[in-house]
Amino acid sequence: MQEGQSQDRGKGVWWSQMRCWSVAAISITLLSICFIVSCVVTYNFTYGKNDQKLSQLHTYHSSLTCSSEGTRVTVWGCCPSTWKPFDSSCYFISTKKENWAKHEQNCVGMGGHLVVINTEAEQNFIIHHLNESFPYFLGLTDPQGKNKWQWIDQTPYKENVRFWHDREPNLSAEQCVSIVFWAPGKWGWNDVLCHLKMNSICEMKKIYI
């Protein structure tokens with residue numbers, strides 16, 4: 001009887017160990033499957049989304065220019081070849097004379113919107129590429145003429161990030177904004193009538209791949 005009991009205990013321990021190993025193996029397998037599925041979903045969400053954006057961008061523009069960004073991981077930031085890259089955006093200087101609404105329509109048609117200026121560094125970059133002889137529409141308006149300025153992309157209008165010329169804005173009827181060079185050597189914002197025809201600046205976000 002003692003020998004039989006010993007054998008039964010040995011079998012019980014063996015089956016118990018087998019069950020533990022089986023549970024562990026199944027758990028590891030399930031975790032591995034979950035990890036692989038997570039990687040696939042993340043890849044499709046990130047890169048698939050970028051591929052879709054690139055495809056859409058190619059419908060507007062024949063060629064793109066990409067540059068390497070980042071230090072540890074190689075990331076490529078892409079802009080249409082006729083646009084100028086800065087930070088996380090691309091900029092297009094339009095020299096076609098149109099009113100504000102037409103320029104915004106054209107910018108949207110190219111995958112962007114009239115420029116939204118968020119920092120002094122951004123403005124300094126932009127004016128470096130402008131012709132001092134012409135004004136350029138920005139994506140800033142006061143639709144009600146009540147000095148309640150708003151950016152075209154719904155970015156909050158910040159009182160501490162504004163670059164108006166002295167004594168501007170000054171007329172409630174002038175509900176759009178241009179950036180213009182006024183002597184003695186200064187670029188700044190000026191409120192203007194929206195139906196005037198002038199140049200403009202478009203902006204779009206870079207595509208990262």
# chains A, B, ... in the order shown; residues from 1 in each chain; ligands from 1
>>> closest_atom_pairs(of="stretch 105-127 of chain A", to="stretch 86-100 of chain A", cutoff="10 Å", atoms="only C-alpha atoms", output="Markdown table")
| residue | atom | partner | partner_atom | distance |
| --- | --- | --- | --- | --- |
| A:Gln105 | CA | A:Trp100 | CA | 8.7 |
| A:Asn106 | CA | A:Ser94 | CA | 9.6 |
| A:Cys107 | CA | A:Phe92 | CA | 8.7 |
| A:Met110 | CA | A:Phe92 | CA | 9.7 |
| A:Gly112 | CA | A:Cys90 | CA | 9.0 |
| A:His113 | CA | A:Tyr91 | CA | 9.8 |
| A:Leu114 | CA | A:Trp100 | CA | 8.9 |
| A:Val115 | CA | A:Tyr91 | CA | 7.7 |
| A:Ala121 | CA | A:Phe86 | CA | 9.7 |
| A:Glu122 | CA | A:Phe86 | CA | 7.6 |
| A:Phe125 | CA | A:Phe86 | CA | 7.5 |
| A:Ile126 | CA | A:Tyr91 | CA | 8.0 |
>>> write_last_selection(atoms="N, CA, C and O atoms", output="PDB file, in the first residue's frame")
ATOM      1  N   GLN A 105      -9.815  79.315 -50.205  1.00  0.00           N
ATOM      2  CA  GLN A 105     -10.302  78.204 -51.029  1.00  0.00           C
ATOM      3  C   GLN A 105      -9.139  77.513 -51.744  1.00  0.00           C
ATOM      4  O   GLN A 105      -9.081  76.282 -51.807  1.00  0.00           O
ATOM      5  N   ASN A 106      -8.226  78.311 -52.274  1.00  0.00           N
ATOM      6  CA  ASN A 106      -7.064  77.747 -52.974  1.00  0.00           C
ATOM      7  C   ASN A 106      -6.166  76.967 -52.017  1.00  0.00           C
ATOM      8  O   ASN A 106      -5.646  75.897 -52.366  1.00  0.00           O
ATOM      9  N   CYS A 107      -5.965  77.497 -50.815  1.00  0.00           N
ATOM     10  CA  CYS A 107      -5.129  76.798 -49.828  1.00  0.00           C
ATOM     11  C   CYS A 107      -5.744  75.455 -49.453  1.00  0.00           C
ATOM     12  O   CYS A 107      -5.047  74.437 -49.378  1.00  0.00           O
ATOM     13  N   MET A 110      -5.236  72.785 -51.900  1.00  0.00           N
ATOM     14  CA  MET A 110      -3.891  72.203 -51.908  1.00  0.00           C
ATOM     15  C   MET A 110      -3.592  71.404 -50.642  1.00  0.00           C
ATOM     16  O   MET A 110      -2.485  70.957 -50.422  1.00  0.00           O
ATOM     17  N   GLY A 112      -4.208  72.555 -47.369  1.00  0.00           N
ATOM     18  CA  GLY A 112      -3.818  73.372 -46.221  1.00  0.00           C
ATOM     19  C   GLY A 112      -4.856  74.427 -45.881  1.00  0.00           C
ATOM     20  O   GLY A 112      -6.060  74.217 -46.047  1.00  0.00           O
ATOM     21  N   HIS A 113      -4.415  75.588 -45.419  1.00  0.00           N
ATOM     22  CA  HIS A 113      -5.278  76.721 -45.089  1.00  0.00           C
ATOM     23  C   HIS A 113      -4.388  77.961 -45.056  1.00  0.00           C
ATOM     24  O   HIS A 113      -3.153  77.855 -45.080  1.00  0.00           O
ATOM     25  N   LEU A 114      -4.996  79.135 -45.005  1.00  0.00           N
ATOM     26  CA  LEU A 114      -4.199  80.352 -44.867  1.00  0.00           C
ATOM     27  C   LEU A 114      -3.393  80.285 -43.573  1.00  0.00           C
ATOM     28  O   LEU A 114      -3.839  79.721 -42.577  1.00  0.00           O
ATOM     29  N   VAL A 115      -2.221  80.861 -43.601  1.00  0.00           N
ATOM     30  CA  VAL A 115      -1.246  80.664 -42.525  1.00  0.00           C
ATOM     31  C   VAL A 115      -1.758  81.135 -41.160  1.00  0.00           C
ATOM     32  O   VAL A 115      -2.464  82.144 -41.049  1.00  0.00           O
ATOM     33  N   ALA A 121       9.292  83.288 -33.941  1.00  0.00           N
ATOM     34  CA  ALA A 121      10.222  82.536 -34.799  1.00  0.00           C
ATOM     35  C   ALA A 121       9.556  82.137 -36.096  1.00  0.00           C
ATOM     36  O   ALA A 121      10.167  82.196 -37.175  1.00  0.00           O
ATOM     37  N   GLU A 122       8.293  81.742 -36.013  1.00  0.00           N
ATOM     38  CA  GLU A 122       7.551  81.368 -37.224  1.00  0.00           C
ATOM     39  C   GLU A 122       7.372  82.579 -38.136  1.00  0.00           C
ATOM     40  O   GLU A 122       7.572  82.498 -39.353  1.00  0.00           O
ATOM     41  N   PHE A 125      10.624  83.461 -39.866  1.00  0.00           N
ATOM     42  CA  PHE A 125      10.905  82.551 -40.975  1.00  0.00           C
ATOM     43  C   PHE A 125      10.094  82.947 -42.203  1.00  0.00           C
ATOM     44  O   PHE A 125      10.625  83.004 -43.322  1.00  0.00           O
ATOM     45  N   ILE A 126       8.823  83.236 -41.999  1.00  0.00           N
ATOM     46  CA  ILE A 126       7.934  83.546 -43.120  1.00  0.00           C
ATOM     47  C   ILE A 126       8.369  84.819 -43.829  1.00  0.00           C
ATOM     48  O   ILE A 126       8.478  84.854 -45.063  1.00  0.00           O
TER      49      ILE A 126
END
>>> atom_distance(atom1="atom CA of A:Cys176", atom2="atom CA of A:Cys79")
27.1 Å
>>> residues_around(residues="A:Gly139", least_positions_apart="2", cutoff="9 Å", atoms="only C-alpha atoms", output="ChimeraX atom specification")
/A:100,104,113-117,137,141,150-153,176-178,201-202
>>> residues_around(residues="A:Asn147", least_positions_apart="3", cutoff="8 Å", atoms="only C-alpha atoms", output="list in words")
Asp142, Gln144 and Ser172 of chain A
>>> closest_residue(among="A:Ile209, A:Leu196, A:Leu138, A:Met204", to="A:Gly111", atoms="only C-alpha atoms")
A:Met204
